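Asks: Here it is, the structure in full.
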Amino acid sequence: MKNFYITTTLPYVNADPHIGFALEIVQADAIARYQRMLGNDVIFNTGTDEHGLKIHRKALEQGMSTQEYVDGYAVKFGKLKDSLNLSYTHFIRTTDAHHKAAAQEFWKRCEANGDIYKKSYQVKYCVGCELEKTDSELVDDKCPIHPTYEIEMISEENYFFKFSAYQEKLLKLYEQEHFIVPQHRQHEIRAFVERGLQDFSISRLKEKMPWGVPVPGDEDQVMYVWFDALVNYISTLGWPQDEEKFKTFWPGVQVAGKDNLRQQTAMWQAMLLSAQLPASKQIFIHGFITAEGKKMSKSVGNVVAPYDVVEKYGTDAVRYFLLGGLPSYEDGDWSVTRFEEFYTAHLANGVGNLTSRVLTMVEKYSDGNIPPKAEKINFNIRSIRTIEDEFGNEETTIIKNFVDEFWENYETLFKRYSFDFVVQEINNFIASLDFIISEQKPWEKAKIGEDISGLLYQLAEGLRHIGLALLPIIPASAEKILSQLGIDVSTLETLEIESEWGGLLPGTKITKGDMLFPRLEK
RNA sequence: CGCGGGGUAGAGCAGUCUGGCAGCUCGCCGGGCUCAUAACCCGGAGGUCACCGGUUCAAAUCCGGUCCCCGCAACCA
């Protein structure tokens, strides 16, 4: 048994949960569940990023204390666990005392390494707004809200992190193949680092922005939110107090959106190097979700809320679409038509219907008991994937060969985080069973008194494999399939053992349940 | 010359790294079947792989160029 650590990024709590974050956390959940099936001990971390000016301001606007404000959001994000059936083991809030202490210790290590220095720099300031402005916020060097005021230059002393010192080391890190998945993201960040790095500011004046982790040894400054937030990936593991536990789980796998590429694969990695800690093991970068072909935005009002769609379609339908209906590496589109099409084609007509027809046949033709195993039955599986024997004959393979190949592909695709192809592979398996049923016509054979027990066994056993394969994707429905086949999910062995052909015990009583995926109302 | 993604059947996409019969889902047309959730199975129609040029026995794929769309720099993952 190995230890496996996976973490999402922490969503910033200035808005309600977003379907994009639901994608990220469901992907991480599928990976965590898959790793557990392999028999590994898994720590799966998520949480909330709760510091910074934007949050502080929002709380002020809403007339509540900042703590009250973030507490409310922590609850909202925590509810995703039930809503999306998540299996995370750790939920960290960056306002947790142990996290703040860890962030300060991390700071000290970087400082001890000579990577933190104080510098005064110029900021542009609009007196009208009483706020700092970046160049991109200004039009013709004026604040668009207060064009009659002159922008003032004020100078502020902040701490900086020597990002520039890590260019070579980062480039070295990117030589490692598959450090970032997909590959083109690794190329992208490498190109960015090659262009040269600038030290970045990692603190803010406390009098302007009190809502942050105090900088060790300087009463007047708090950490800039990014610096403290990134440390969560290791503070959640008990670093620095529990060095032993930390070492057994770190480095881990990180999941992040493409907007986070620089922070996760460059800044955070440089920070780890500075604190003399191992770099992340691997970082998976997912794309964004558009809504009906358009970018989701609050002002347009087309933001898809995970709670709404779960309420309408159910947890597993949403998980299935997020993982199987969107490209795993690129941007994808959330549209009601596409969602419903996918649901009908693959959940209702696919796995739902297959489960129903297989179980009904076992009921009707085998008194509801799993029949004896077949020695060998030949199936034509040409519609699924052409497998030829040494004579070039396509029709001499039995379902077992097919299953072995299926699990091989399943593993490869899962380890590449190609969830869309994993789901496609499962759908192909389902289609193959549907095809075999049509081809073998068990109802006809039963009518003329032919023995179909071997065939029924293989179909039920095939369904068991589909149930297993679906466990990380749609856990609740997969458990239903398995329990209808008389399998208690809590007694499952590792995937290596369970994926062997023939695990289903003849004589087991099956119990047909309700429809897994009812058809959507037209 | 800021960074990145994309243009493939009516729609949505895969295939491009590593050149080798252009594929998948939905929709459409025709047929089959009754174990199953109006489901399932078979067959069919539908393509200038954005455009121009090059390399090659062979290009959606590699090389050079052109056009167009989208995202990031502003709430928002």
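Please note that chains go A, B, ... in the order of the structure tokens, that every chain numbers its residues from 1, and that ligands are numbered from 1 in the order shown.
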Please report as a ChimeraX atom specification which residues of chain A come no farther than 8 Å from chain B, using only C-alpha atoms (C1' of nucleotides).

Replies: /A:11,18-21,136-137,188,257,259,288,296-299,338,341,348-349,352-354,356-358,360-361,434-435,438-439,442-443,515,517-519

Asks: Excluding Ile55 (chain A) and its own-chain neighbours fewer than 3 positions away, which residues fall within 12 Å of it when counting only C-alpha atoms (C1' of nucleotides)? Please give them as an NGL selection string.

Replies: :A and (12-15 or 48-52 or 58-62 or 64-71 or 73 or 209-212 or 225)

Asks: Could you check which of A:Arg185, A:His465, A:Arg190, A:Lys206 is closest to Lys169 (chain A), using only C-alpha atoms?

Replies: A:Arg190

Asks: Between C1' of G46 (chain B) and CA of Thr290 (chain A), what distance in Å does the model show, to one decimal?

Replies: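 The value is 29.0 Å.
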
Asks: Considering only C-alpha atoms (C1' of nucleotides), return as JSON, numbers by chain whatever protein or nucleic-acid residues lie within 12 Å of Ser366 (chain A), sequence-local ones (same chain, fewer than 4 positions apart) excluded.

Replies: {"A": [358, 359, 360, 361, 362, 370, 371, 372, 442, 443, 446, 451, 452, 453, 454, 455, 456, 457, 460, 506, 507, 508, 509, 510]}

Asks: Keeping only N, CA and C atoms, write the selected residues to a file as a short mmCIF file (atom, residue, chain, number, x, y, z; two decimals), in the first residue's frame.

Replies:
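Below you can see part-v3.cif, which holds the result:
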```cif
data_model
loop_
_atom_site.label_atom_id
_atom_site.label_comp_id
_atom_site.auth_asym_id
_atom_site.auth_seq_id
_atom_site.Cartn_x
_atom_site.Cartn_y
_atom_site.Cartn_z
N VAL A 358 -29.98 -6.81 -18.44
CA VAL A 358 -29.21 -7.95 -17.95
C VAL A 358 -29.87 -8.55 -16.71
N LEU A 359 -30.25 -7.67 -15.77
CA LEU A 359 -30.85 -8.17 -14.54
C LEU A 359 -32.20 -8.85 -14.80
N THR A 360 -32.96 -8.30 -15.72
CA THR A 360 -34.24 -8.93 -16.04
C THR A 360 -34.03 -10.33 -16.62
N MET A 361 -33.02 -10.47 -17.45
CA MET A 361 -32.77 -11.79 -18.04
C MET A 361 -32.35 -12.80 -16.98
N VAL A 362 -31.53 -12.33 -16.04
CA VAL A 362 -31.14 -13.24 -14.96
C VAL A 362 -32.36 -13.64 -14.15
N ILE A 370 -27.26 -15.86 -10.07
CA ILE A 370 -26.16 -15.83 -11.03
C ILE A 370 -25.89 -17.27 -11.48
N PRO A 371 -25.96 -17.51 -12.80
CA PRO A 371 -25.79 -18.88 -13.31
C PRO A 371 -24.33 -19.34 -13.26
N PRO A 372 -24.09 -20.63 -13.52
CA PRO A 372 -22.72 -21.15 -13.53
C PRO A 372 -21.87 -20.45 -14.60
N PRO A 442 -30.52 -14.24 -26.55
CA PRO A 442 -30.78 -15.23 -25.49
C PRO A 442 -32.28 -15.56 -25.34
N TRP A 443 -33.15 -14.59 -25.58
CA TRP A 443 -34.58 -14.85 -25.44
C TRP A 443 -35.06 -15.92 -26.42
N ALA A 446 -33.68 -19.28 -25.24
CA ALA A 446 -34.44 -19.76 -24.07
C ALA A 446 -35.75 -20.39 -24.52
N ASP A 451 -29.48 -24.01 -23.60
CA ASP A 451 -28.88 -23.56 -22.34
C ASP A 451 -28.17 -22.22 -22.56
N ILE A 452 -28.64 -21.21 -21.86
CA ILE A 452 -28.00 -19.90 -22.01
C ILE A 452 -27.30 -19.46 -20.72
N SER A 453 -27.12 -20.38 -19.80
CA SER A 453 -26.56 -19.98 -18.50
C SER A 453 -25.16 -19.39 -18.65
N GLY A 454 -24.34 -19.99 -19.52
CA GLY A 454 -22.99 -19.47 -19.72
C GLY A 454 -23.01 -18.05 -20.24
N LEU A 455 -23.87 -17.82 -21.18
CA LEU A 455 -24.01 -16.48 -21.74
C LEU A 455 -24.47 -15.48 -20.67
N LEU A 456 -25.46 -15.88 -19.90
CA LEU A 456 -25.97 -14.98 -18.86
C LEU A 456 -24.89 -14.66 -17.84
N TYR A 457 -24.11 -15.68 -17.50
CA TYR A 457 -23.04 -15.44 -16.54
C TYR A 457 -22.10 -14.36 -17.07
N ALA A 460 -23.63 -10.88 -16.91
CA ALA A 460 -23.69 -10.35 -15.54
C ALA A 460 -22.29 -10.00 -15.06
N PRO A 506 -21.33 -17.72 -8.89
CA PRO A 506 -22.55 -18.40 -9.31
C PRO A 506 -23.42 -18.71 -8.10
N GLY A 507 -24.73 -18.57 -8.27
CA GLY A 507 -25.63 -18.86 -7.16
C GLY A 507 -26.00 -17.62 -6.36
N THR A 508 -25.28 -16.53 -6.57
CA THR A 508 -25.61 -15.29 -5.86
C THR A 508 -26.99 -14.80 -6.29
N LYS A 509 -27.77 -14.37 -5.31
CA LYS A 509 -29.10 -13.85 -5.60
C LYS A 509 -29.00 -12.40 -6.05
N ILE A 510 -29.61 -12.09 -7.17
CA ILE A 510 -29.60 -10.69 -7.59
C ILE A 510 -30.90 -10.00 -7.16
#
```

Asks: Using only C-alpha atoms (C1' of nucleotides), find the one residue out of B:C52, B:A59, B:C28, B:C68 that sits nearest to G7 (chain B).

Replies: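 The answer is B:C68, which sits nearest to G7 (chain B).
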
Asks: Enumerate the residues of region 248-447 of chain A with a DSSP assignment of strand (DSSP E or B), computed from the backbone, and present them as a ChimeraX atom specification.

Replies: /A:253-257,282-286,289-291,294-295,332-334,369,379,397

Asks: Measure the distance from C1' of A45 (chain B) to C1' of G31 (chain B) in Å and round it to one decimal.

Replies: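 Between these atoms lies a distance of 14.7 Å.
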
Asks: Hey, what's within 7 Å of Phe4 (chain A) if we count only C-alpha atoms (C1' of nucleotides) and toss same-chain stuff fewer than 2 positions away? As a PyMOL selection string, please?

Replies: chain A and resi 2+6+40-43+249+252

Asks: Per DSSP on the backbone, what are the alpha helix (DSSP H) residues of region 470-514 of chain A, as a list of chain:residue names?

Replies: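 The alpha helix (DSSP H) residues within region 470-514 of chain A come out as A:Leu470, A:Pro475, A:Ala476, A:Ser477, A:Ala478, A:Glu479, A:Lys480, A:Ile481, A:Leu482, A:Ser483, A:Gln484, A:Leu495, A:Glu496, A:Ile497, A:Glu498.
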
Asks: So that I can check the surroundings of Glu479 (chain A), please list as a ChimeraX atom specification every protein, DNA and RNA residue that reaches within 10 Å of it, counting only C-alpha atoms (C1' of nucleotides) and ignoring chain neighbours fewer than 6 positions away.

Replies: /A:467-468,470-471,485,487-490

Asks: Just C-alpha atoms for this one: save the residues we selected as a CSV table (one decimal), in the first residue's frame.

Replies:
```csv
chain,number,residue,atom,x,y,z
A,467,GLY,CA,-19.9,-1.2,-12.2
A,468,LEU,CA,-16.4,-1.4,-10.9
A,470,LEU,CA,-17.8,3.4,-12.8
A,471,LEU,CA,-17.0,3.6,-9.1
A,485,LEU,CA,-25.6,-8.1,-8.5
A,487,ILE,CA,-21.9,-7.5,-4.2
A,488,ASP,CA,-21.3,-5.5,-1.0
A,489,VAL,CA,-19.1,-2.6,-2.0
A,490,SER,CA,-17.5,-2.4,1.4
```
